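Listing of start26.txt, compact mmCIF, C-alpha atoms and all ligand atoms
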```
# COMPACT_ATOMS: atom_id res chain seq x y z
CA MET Q 1 14.58 -6.28 -61.19
CA GLU Q 2 17.16 -9.02 -61.42
CA LYS Q 3 16.26 -12.53 -62.57
CA LEU Q 4 12.75 -11.71 -63.73
CA LEU Q 5 11.74 -13.85 -66.68
CA CYS Q 6 9.78 -12.83 -69.73
CA PRO Q 7 6.41 -14.60 -69.59
CA VAL Q 8 6.48 -15.12 -73.38
CA CYS Q 9 9.96 -16.55 -74.06
CA LYS Q 10 11.41 -17.05 -70.51
CA LYS Q 11 14.51 -14.93 -71.25
CA ASN Q 12 15.79 -12.46 -68.62
CA MET Q 13 14.14 -9.06 -68.54
CA THR Q 14 15.86 -5.73 -67.90
CA LEU Q 15 14.30 -2.44 -66.82
CA TYR Q 16 14.66 0.36 -69.40
CA GLY Q 17 13.11 3.54 -68.05
CA SER Q 18 9.54 2.57 -67.26
CA CYS Q 19 9.54 -0.60 -69.33
CA LEU Q 20 10.67 -4.18 -68.65
CA ARG Q 21 12.09 -5.72 -71.81
CA CYS Q 22 13.58 -9.14 -72.65
CA GLU Q 23 16.36 -9.75 -75.17
CA ASN Q 24 13.75 -10.87 -77.72
CA GLY Q 25 12.02 -7.49 -77.51
CA HIS Q 26 8.92 -8.47 -75.54
CA SER Q 27 8.11 -5.49 -73.35
CA PHE Q 28 5.87 -4.73 -70.37
CA ASP Q 29 5.19 -1.22 -69.10
CA LEU Q 30 5.31 -0.16 -65.48
CA ALA Q 31 1.86 1.12 -64.50
CA LYS Q 32 1.76 4.55 -62.83
CA GLU Q 33 1.38 2.82 -59.45
CA GLY Q 34 4.67 0.99 -60.11
CA TYR Q 35 3.50 -2.58 -60.77
CA VAL Q 36 3.97 -4.55 -63.99
CA ASN Q 37 1.24 -6.55 -65.68
CA LEU Q 38 2.89 -9.74 -66.97
CA LEU Q 39 -0.26 -11.51 -68.13
CA THR Q 40 -0.25 -12.40 -71.79
CA GLY Q 41 -3.01 -13.37 -74.19
CA SER Q 42 -6.71 -12.75 -73.81
CA LYS Q 43 -8.20 -13.05 -70.35
CA SER Q 44 -11.24 -15.22 -69.99
CA GLY Q 45 -13.75 -14.18 -67.31
CA ALA Q 46 -12.68 -16.94 -64.92
CA ALA Q 47 -9.00 -16.10 -65.11
CA THR Q 48 -8.95 -12.61 -63.66
CA GLY Q 49 -8.63 -13.32 -59.93
CA ASP Q 50 -10.60 -11.47 -57.24
CA ASN Q 51 -12.70 -8.44 -58.20
CA LYS Q 52 -12.64 -4.78 -57.09
CA ASP Q 53 -15.11 -5.21 -54.26
CA MET Q 54 -13.21 -8.19 -52.81
CA ALA Q 55 -9.96 -6.23 -53.05
CA ARG Q 56 -11.43 -3.18 -51.30
CA CYS Q 57 -12.94 -5.24 -48.44
CA ARG Q 58 -9.72 -7.16 -47.89
CA LYS Q 59 -7.64 -4.01 -47.73
CA SER Q 60 -10.04 -2.14 -45.42
CA PHE Q 61 -10.21 -5.07 -43.01
CA LEU Q 62 -6.55 -6.13 -42.98
CA ASP Q 63 -5.22 -2.57 -42.68
CA LYS Q 64 -6.98 -2.33 -39.30
CA GLY Q 65 -4.54 -4.98 -38.03
CA TRP Q 66 -7.07 -7.69 -37.12
CA PHE Q 67 -4.83 -10.44 -38.57
CA GLU Q 68 -1.56 -8.94 -37.33
CA PRO Q 69 -0.65 -12.00 -35.18
CA LEU Q 70 -0.40 -13.96 -38.43
CA ALA Q 71 1.73 -11.26 -40.09
CA LYS Q 72 4.05 -11.25 -37.06
CA GLY Q 73 4.31 -15.04 -37.14
CA LEU Q 74 5.33 -14.92 -40.81
CA CYS Q 75 8.06 -12.39 -40.03
CA GLU Q 76 9.39 -14.61 -37.24
CA ILE Q 77 9.73 -17.52 -39.69
CA ILE Q 78 11.36 -15.31 -42.34
CA ASN Q 79 13.83 -13.88 -39.80
CA ARG Q 80 14.59 -17.32 -38.38
CA GLU Q 81 15.29 -18.56 -41.91
CA ASN Q 82 17.36 -15.45 -42.63
CA ALA Q 83 15.52 -15.30 -45.96
CA SER Q 84 16.68 -12.68 -48.45
CA ARG Q 85 14.05 -13.01 -51.20
CA VAL Q 86 10.43 -13.71 -50.34
CA LEU Q 87 7.76 -14.44 -52.94
CA ASP Q 88 4.23 -13.57 -51.83
CA ILE Q 89 2.23 -15.98 -53.99
CA CYS Q 90 -1.32 -14.70 -54.68
CA CYS Q 91 -0.41 -11.61 -52.62
CA GLY Q 92 -3.86 -10.03 -52.82
CA GLU Q 93 -3.85 -6.34 -51.92
CA GLY Q 94 -0.41 -6.58 -50.35
CA TYR Q 95 -1.02 -6.36 -46.58
CA TYR Q 96 1.40 -9.20 -45.76
CA SER Q 97 3.96 -8.09 -48.39
CA GLU Q 98 4.07 -4.66 -46.78
CA TYR Q 99 4.29 -6.05 -43.24
CA ILE Q 100 7.19 -8.31 -44.21
CA SER Q 101 8.97 -5.52 -46.13
CA ARG Q 102 8.81 -3.28 -43.09
CA ASN Q 103 9.72 -5.91 -40.47
CA THR Q 104 12.35 -8.13 -42.06
CA ARG Q 105 15.46 -7.61 -44.18
CA ALA Q 106 14.04 -9.63 -47.08
CA ALA Q 107 13.22 -8.20 -50.50
CA VAL Q 108 9.58 -9.02 -51.22
CA TYR Q 109 8.09 -9.87 -54.61
CA GLY Q 110 4.30 -10.13 -54.64
CA PHE Q 111 2.13 -11.33 -57.48
CA ASP Q 112 -1.53 -12.02 -58.05
CA LEU Q 113 -3.82 -12.74 -60.96
CA SER Q 114 -6.11 -9.85 -60.06
CA LYS Q 115 -5.03 -6.50 -61.51
CA GLU Q 116 -7.11 -4.63 -58.95
CA MET Q 117 -5.45 -6.47 -56.05
CA VAL Q 118 -1.99 -5.70 -57.44
CA ARG Q 119 -2.89 -2.06 -58.11
CA LEU Q 120 -3.82 -1.60 -54.43
CA ALA Q 121 -0.68 -3.48 -53.34
CA ALA Q 122 1.60 -1.26 -55.45
CA LYS Q 123 -0.02 1.87 -54.02
CA ARG Q 124 1.38 0.89 -50.61
CA LYS Q 125 4.84 2.08 -51.77
CA CYS Q 126 6.42 -0.20 -49.19
CA GLY Q 127 9.53 -1.29 -51.11
CA ALA Q 128 8.03 -4.61 -52.26
CA ARG Q 129 7.69 -5.20 -56.02
CA PHE Q 130 4.36 -6.27 -57.44
CA PHE Q 131 3.28 -8.08 -60.59
CA VAL Q 132 0.09 -9.22 -62.18
CA ALA Q 133 0.90 -12.85 -62.92
CA ASN Q 134 -0.56 -16.32 -62.76
CA MET Q 135 0.87 -18.63 -60.11
CA ALA Q 136 1.08 -21.32 -62.79
CA ALA Q 137 3.82 -19.23 -64.47
CA VAL Q 138 5.74 -17.35 -61.79
CA PRO Q 139 7.90 -14.81 -63.71
CA VAL Q 140 11.17 -15.52 -61.88
CA ALA Q 141 14.23 -17.65 -62.66
CA ASP Q 142 14.60 -21.19 -61.27
CA GLY Q 143 15.66 -21.12 -57.60
CA PHE Q 144 15.13 -17.33 -57.39
CA ALA Q 145 13.62 -17.16 -53.88
CA ASP Q 146 14.63 -18.68 -50.55
CA CYS Q 147 11.15 -18.29 -49.07
CA ALA Q 148 7.61 -18.19 -50.44
CA ILE Q 149 4.46 -17.40 -48.52
CA HIS Q 150 1.13 -18.73 -49.71
CA LEU Q 151 -1.95 -17.55 -47.83
CA PHE Q 152 -5.55 -18.58 -48.44
CA ALA Q 153 -4.84 -19.35 -52.06
CA PRO Q 154 -4.84 -22.23 -54.56
CA PHE Q 155 -1.77 -24.48 -55.03
CA CYS Q 156 0.62 -25.01 -57.92
CA ASP Q 157 3.33 -27.02 -56.18
CA LYS Q 158 5.51 -27.79 -59.24
CA GLU Q 159 5.85 -24.09 -60.06
CA PHE Q 160 6.47 -23.13 -56.42
CA ALA Q 161 9.26 -25.75 -56.27
CA ARG Q 162 10.81 -24.33 -59.44
CA ALA Q 163 10.86 -20.76 -58.13
CA LEU Q 164 12.41 -21.74 -54.77
CA CYS Q 165 16.04 -22.66 -54.22
CA LYS Q 166 17.04 -26.01 -52.72
CA GLY Q 167 16.56 -25.77 -48.95
CA GLY Q 168 14.13 -22.84 -49.32
CA VAL Q 169 10.83 -22.78 -47.43
CA LEU Q 170 7.23 -22.59 -48.53
CA VAL Q 171 5.00 -21.25 -45.76
CA SER Q 172 1.45 -22.18 -46.61
CA VAL Q 173 -1.45 -20.84 -44.54
CA CYS Q 174 -5.09 -21.90 -44.49
CA PRO Q 175 -7.94 -21.43 -42.00
CA GLY Q 176 -7.49 -23.53 -38.84
CA LYS Q 177 -10.20 -25.78 -37.37
CA THR Q 178 -11.83 -23.02 -35.30
CA HIS Q 179 -11.18 -20.00 -37.55
CA LEU Q 180 -14.03 -17.48 -37.08
CA TRP Q 181 -15.97 -20.04 -35.03
CA GLN Q 182 -18.22 -17.48 -33.26
CA MET Q 183 -19.00 -15.80 -36.59
CA LYS Q 184 -20.10 -19.18 -37.94
CA GLN Q 185 -22.17 -19.79 -34.79
CA ALA Q 186 -23.94 -16.49 -35.37
CA LEU Q 187 -24.67 -17.44 -38.98
CA TYR Q 188 -25.54 -21.13 -38.90
CA ALA Q 189 -27.58 -23.50 -36.73
CA VAL Q 190 -24.92 -26.22 -37.12
CA PRO Q 191 -21.46 -24.75 -37.84
CA TYR Q 192 -18.68 -27.07 -38.98
CA GLU Q 193 -14.98 -26.99 -38.11
CA ASN Q 194 -12.52 -26.50 -41.00
CA GLU Q 195 -10.35 -29.45 -41.93
CA GLU Q 196 -6.64 -29.00 -41.37
CA GLU Q 197 -5.11 -30.89 -44.28
CA ASN Q 198 -1.47 -31.59 -45.02
CA PRO Q 199 -1.28 -32.17 -48.77
CA THR Q 200 1.84 -33.87 -50.12
CA LEU Q 201 3.61 -31.38 -52.38
CA GLU Q 202 5.88 -32.54 -55.19
CA GLY Q 203 9.44 -31.38 -54.52
CA PHE Q 204 8.86 -30.57 -50.82
CA ASP Q 205 9.05 -32.18 -47.39
CA LEU Q 206 6.51 -31.11 -44.81
CA GLU Q 207 8.67 -29.98 -41.89
CA GLU Q 208 6.37 -28.40 -39.32
CA THR Q 209 2.73 -27.51 -38.71
CA PHE Q 210 1.26 -25.26 -36.02
CA ASN Q 211 -1.58 -22.83 -35.33
CA ILE Q 212 -1.59 -19.13 -34.61
CA LYS Q 213 -4.74 -18.21 -32.67
CA ALA Q 214 -6.04 -14.91 -31.30
CA ASP Q 215 -9.43 -13.56 -30.27
CA ILE Q 216 -10.66 -10.39 -31.93
CA THR Q 217 -13.58 -8.17 -30.90
CA LEU Q 218 -15.17 -6.24 -33.72
CA THR Q 219 -17.08 -3.36 -32.22
CA SER Q 220 -18.65 -2.03 -35.40
CA PRO Q 221 -21.08 -3.82 -37.72
CA GLU Q 222 -19.02 -2.38 -40.63
CA ASP Q 223 -15.94 -4.36 -39.56
CA THR Q 224 -18.02 -7.52 -39.09
CA ASP Q 225 -19.41 -7.03 -42.58
CA LEU Q 226 -15.92 -6.54 -44.06
CA LEU Q 227 -14.71 -9.74 -42.39
CA PHE Q 228 -17.74 -11.68 -43.62
CA ARG Q 229 -17.22 -10.42 -47.18
CA MET Q 230 -13.62 -11.70 -47.13
CA THR Q 231 -14.80 -15.25 -46.47
CA PRO Q 232 -16.28 -17.79 -48.90
CA TYR Q 233 -19.32 -17.99 -46.56
CA TYR Q 234 -20.50 -14.62 -47.85
CA TYR Q 235 -21.20 -16.20 -51.24
CA HIS Q 236 -22.98 -19.30 -49.86
CA THR Q 237 -25.24 -17.89 -47.14
CA SER Q 238 -28.96 -17.16 -47.37
CA GLN Q 239 -30.23 -13.61 -46.98
CA SER Q 240 -31.97 -14.52 -43.71
CA ASP Q 241 -28.79 -16.00 -42.22
CA LYS Q 242 -26.81 -12.93 -43.38
CA GLN Q 243 -29.31 -10.78 -41.49
CA LYS Q 244 -28.49 -12.58 -38.22
CA LEU Q 245 -24.89 -11.44 -38.46
CA ALA Q 246 -25.81 -7.93 -39.62
CA SER Q 247 -27.95 -7.43 -36.50
CA LEU Q 248 -24.99 -7.94 -34.11
CA LYS Q 249 -23.62 -4.75 -32.54
CA GLU Q 250 -20.38 -6.50 -31.55
CA LEU Q 251 -18.67 -9.78 -32.46
CA THR Q 252 -15.90 -11.52 -30.53
CA THR Q 253 -14.46 -14.41 -32.46
CA VAL Q 254 -11.36 -16.55 -32.53
CA THR Q 255 -9.01 -16.26 -35.50
CA ASP Q 256 -7.18 -19.53 -36.09
CA PHE Q 257 -4.54 -19.86 -38.79
CA TYR Q 258 -3.04 -23.23 -39.69
CA ILE Q 259 0.59 -22.89 -40.80
CA ARG Q 260 2.42 -25.58 -42.79
CA ILE Q 261 6.14 -25.21 -43.38
CA TYR Q 262 7.41 -27.15 -46.36
CA ARG Q 263 11.12 -27.43 -47.16
CA ARG Q 264 12.25 -27.55 -50.81
CA LYS Q 265 14.17 -30.80 -51.44
C1 LIG Q 301 -8.42 -15.22 -50.62
S1 LIG Q 301 -7.36 -14.16 -51.54
C2 LIG Q 301 -5.89 -14.14 -50.50
C3 LIG Q 301 -5.00 -12.97 -50.78
C4 LIG Q 301 -3.80 -12.80 -49.82
N1 LIG Q 301 -2.91 -13.94 -49.88
C5 LIG Q 301 -4.29 -12.57 -48.40
O1 LIG Q 301 -4.25 -13.51 -47.59
O2 LIG Q 301 -4.74 -11.46 -48.10
C6 LIG Q 301 -6.87 -15.22 -52.89
C7 LIG Q 301 -6.07 -14.48 -53.95
O3 LIG Q 301 -5.61 -15.43 -54.92
C8 LIG Q 301 -5.63 -14.78 -56.19
N2 LIG Q 301 -5.55 -15.83 -57.22
C9 LIG Q 301 -6.50 -16.76 -57.53
N3 LIG Q 301 -6.05 -17.56 -58.53
C10 LIG Q 301 -4.79 -17.15 -58.84
C11 LIG Q 301 -3.81 -17.57 -59.79
N4 LIG Q 301 -4.04 -18.60 -60.62
N5 LIG Q 301 -2.63 -16.92 -59.85
C12 LIG Q 301 -2.38 -15.87 -59.03
N6 LIG Q 301 -3.29 -15.40 -58.11
C13 LIG Q 301 -4.47 -16.04 -58.02
C14 LIG Q 301 -6.90 -13.94 -56.15
O4 LIG Q 301 -6.91 -12.91 -57.11
C15 LIG Q 301 -6.87 -13.43 -54.71
O5 LIG Q 301 -6.21 -12.18 -54.62
ZN ZN Q 302 10.51 -12.46 -74.25
```

Rewrite the structure of this file - the entire thing - as structure tokens.
Ligand SMILES: C[S@@+](CC[C@H](N)C(=O)[O-])C[C@H]1O[C@@H](n2cnc3c(N)ncnc32)[C@H](O)[C@@H]1O
Ligand SMILES: [Zn+2]
Amino acid sequence: MEKLLCPVCKKNMTLYGSCLRCENGHSFDLAKEGYVNLLTGSKSGAATGDNKDMARCRKSFLDKGWFEPLAKGLCEIINRENASRVLDICCGEGYYSEYISRNTRAAVYGFDLSKEMVRLAAKRKCGARFFVANMAAVPVADGFADCAIHLFAPFCDKEFARALCKGGVLVSVCPGKTHLWQMKQALYAVPYENEEENPTLEGFDLEETFNIKADITLTSPEDTDLLFRMTPYYYHTSQSDKQKLASLKELTTVTDFYIRIYRRK
């Protein structure tokens, strides 16, 4: 657990038995699943990350391998970079952390604001380490990682730059223009393409952008429902439109991931 910082006083923490403790005596217990909750202070309702149902859907869907082309693409970048420490920022339930742990030589450190997400991630027992933490206060020393992955999650560029070493890479992924296009066609009369934006990030140069695309065919309404529940559309769609998707026996749709590779200056 080298170079982990205490979230209270920012001193180094050391593992004593099943407890991480800093030199000022702040301590954080390892949960039975093996993760550490590094959140401090009272949690307001908005600051708890994704809930149990979202975590369960994400895990059930991703574990079936539907987004594996993206996971493979991430490993290719990590191997090409010869990265030794990868931060999985907003790691969710740990599908990508596990994939990278098993298919690269890098040590993986995943963290997320949602305790339920991190609990599921730690249960994978894949060699990656998991923390409940806010991306605005990543609990690692300056320049700790040589790679960070950031998938479908909010930004905090200053903090990402601090946690990465000079020359390290931030691989940021968001939905590409045509992501889940046929699912959107089934739901809406007039579907819209996603925008592929390239935000300027403080402390980084944008080095490369590309798409990873693959068609998937979901042959059970349960899988289609899991996919739908993972998207923001689920929360902004009328009951009658939801019904259109639920009535499909099978759905073939494109998955389209937009990858941006930023280099730490
Ligand atoms: C759409 S999910 C993506 C999860 C994972 N990267 C994946 O692709 O499967 C977004 C995740 O960001 C987490 N999150 C939201 N705000 C956060 C914050 N401030 N700090 C850390 N995690 C956060 C949520 O709890 C949720 O797990
Ligand atoms: Zn401390």

Grab the CA of Ser238 in chain Q to CA of Thr217 in chain Q distance for me, in Å with one decimal place. 24.3 Å

To test the calculation: enclose all listed atoms of range 11-29 of chain Q in a box whose edges run along x, y and z, add 6 Å on each side, then state centre and edge lengths in Å to one decimal, as AutoDock Vina command-line options.
```
--center_x 10.8 --center_y -5.7 --center_z -72.3 --size_x 23.2 --size_y 30.5 --size_z 22.9
```

Closest of Q:Leu170, Q:Cys90, Q:Leu226, Q:Val138 to Leu4 in chain Q - atom-to-atom distances counting all atoms listed in the file: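 Looking at the shortest contact to Leu4 in chain Q, the residue is Q:Val138.
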
Point (-12.7, -13.0, -33.9) neighbourhood (10 Å, all atoms listed in the file) written as an NGL selection string: :Q and (66-67 or 179-183 or 213-218 or 224 or 227 or 251-256)

Neighbouring residues of ligand ZN 302 (chain Q) are defined here as those with any atom at most 8 Å from a ligand atom, counting all atoms listed in the file; list them as a VMD selection string. chain Q and resid 5 to 13 21 to 27

Within 8 Å of range 82-87 of chain Q using only C-alpha atoms, minus same-chain residues under 3 positions, as number ranges by chain: Q: 78-79, 105-111, 144-149

Among listed residues Q:Glu250, Q:Glu81, Q:Glu159, Q:Asp223, nearest ligand LIG 301 (chain Q) (using all atoms listed in the file):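 Ranking Q:Glu250, Q:Glu81, Q:Glu159, Q:Asp223 by distance to ligand LIG 301 (chain Q), first place goes to Q:Glu159.
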
Rank Q:Cys57, Q:Ala128, Q:Met135, Q:Leu30 by their smallest atom-to-atom distance to ligand LIG 301 (chain Q), using only C-alpha atoms and all ligand atoms, and report the top residue only. Q:Met135

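The interatomic distance for the pair CA of Glu76 in chain Q and CA of Glu33 in chain Q works out to 29.3 Å.
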
Taking a cut-off of 6 Å and counting all atoms listed in the file, can you build a table that, for each residue of chain Q near ligand LIG 301 (chain Q), reports the nearest atom pair and how far apart they are in Å (one decimal), sorted by chain then residue number, as a tab-separated table?
```
residue	atom	partner	partner_atom	distance
Q:Gly49	CA	Q:LIG301	O4	3.3
Q:Asp50	CA	Q:LIG301	O4	4.0
Q:Cys90	CA	Q:LIG301	N6	4.0
Q:Cys91	CA	Q:LIG301	N1	4.4
Q:Gly92	CA	Q:LIG301	O5	3.7
Q:Asp112	CA	Q:LIG301	N6	3.8
Q:Leu113	CA	Q:LIG301	N6	3.9
Q:Ser114	CA	Q:LIG301	O4	4.3
Q:Met117	CA	Q:LIG301	O5	5.9
Q:Ala133	CA	Q:LIG301	C12	5.9
Q:Asn134	CA	Q:LIG301	N5	3.6
Q:Met135	CA	Q:LIG301	N5	3.9
Q:Leu151	CA	Q:LIG301	N1	4.3
Q:Phe152	CA	Q:LIG301	C2	4.9
Q:Ala153	CA	Q:LIG301	C6	4.7
```

Can I get the selection written as a PDB file, in the frame of the given file, with C-alpha atoms?
```
ATOM      1  CA  GLY Q  49      -8.630 -13.320 -59.930  1.00  0.00           C
ATOM      2  CA  ASP Q  50     -10.600 -11.470 -57.240  1.00  0.00           C
ATOM      3  CA  CYS Q  90      -1.320 -14.700 -54.680  1.00  0.00           C
ATOM      4  CA  CYS Q  91      -0.410 -11.610 -52.620  1.00  0.00           C
ATOM      5  CA  GLY Q  92      -3.860 -10.030 -52.820  1.00  0.00           C
ATOM      6  CA  ASP Q 112      -1.530 -12.020 -58.050  1.00  0.00           C
ATOM      7  CA  LEU Q 113      -3.820 -12.740 -60.960  1.00  0.00           C
ATOM      8  CA  SER Q 114      -6.110  -9.850 -60.060  1.00  0.00           C
ATOM      9  CA  MET Q 117      -5.450  -6.470 -56.050  1.00  0.00           C
ATOM     10  CA  ALA Q 133       0.900 -12.850 -62.920  1.00  0.00           C
ATOM     11  CA  ASN Q 134      -0.560 -16.320 -62.760  1.00  0.00           C
ATOM     12  CA  MET Q 135       0.870 -18.630 -60.110  1.00  0.00           C
ATOM     13  CA  LEU Q 151      -1.950 -17.550 -47.830  1.00  0.00           C
ATOM     14  CA  PHE Q 152      -5.550 -18.580 -48.440  1.00  0.00           C
ATOM     15  CA  ALA Q 153      -4.840 -19.350 -52.060  1.00  0.00           C
TER      16      ALA Q 153
END
```
